[in-house]
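S.K.: There's a structure below that I have some questions on.
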Amino acid sequence: MAGDLMRAATDVKAALHKFVQFAINEPKRTPQMVQSIFSSSLTNRSVREPFCALINEARSTVQIALQRGQELGQVRADIQAVEMAKFLQQVLIGTQAIWAMSDPSSDLGERIEVAFEIFWRGIAAQHEG
């Protein structure tokens, strides 16, 4: 369903931003929750498999959005959409991990906003003019 919305997006940045906000909403509650999700997924196979499936599904949705952005000329076309999707996941997971482990008093939402904006500036199509 999210993939269908991404395929029809006319403003890919806004659609991707909304998806990112939805994706981080749950872990945002406490640093302990983020730590628990990450440690459990690394050490417990019964947790890791559904967590990895969720990560793969999210990557696919992001990839669809980025491909749509490439079609619309909003996202640079010199990098494969799948690679940019993987990078966004690395940025988001890293941001959450660092927040949970070393700076839980800061606002995760603000950190995600900054990370997303830096990501977007790196993947946005550059129009000469």
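Identifiers in the structure tokens: chain A, B, ... in order shown; residue index from 1 per chain; ligand index from 1 in order shown.
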Leaving out Gly94 of chain A and any residue of its chain fewer than 5 positions from it, which residues lie within 12 Å of it when counting only C-alpha atoms, given as a count of residues only?
M.R.: 14
S.K.: Would you mind writing down, as a PyMOL selection string, each residue of chain A that DSSP on the backbone assigns to helix (DSSP H, G or I)?
M.R.: chain A and resi 2-7+12-25+27-29+31-43+45-72+81-102+108-123
S.K.: When you draw a straight line from atom CA of Pro104 of chain A to atom CA of Asn25 of chain A, how long is it in Å?
M.R.: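 Separation between atom CA of Pro104 of chain A and atom CA of Asn25 of chain A: 15.3 Å.
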S.K.: Between A:Gln70, A:Ser106, A:Ser36, A:Gln90, which one has atoms that come closest to Ala124 of chain A, using only C-alpha atoms?
M.R.: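 Ranking A:Gln70, A:Ser106, A:Ser36, A:Gln90 by distance to Ala124 of chain A, first place goes to A:Gln70.
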S.K.: So which one's closest to Val12 of chain A, A:Ser40, A:Arg48, A:Thr61, A:Leu66? Using only C-alpha atoms, please.
M.R.: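 Checking each candidate against Val12 of chain A, we get A:Leu66 as the closest.
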S.K.: What does the distance between atom CA of Asp103 of chain A and atom CA of Cys52 of chain A come to in Å, to one decimal place?
M.R.: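 Those two atoms sit 25.6 Å apart.
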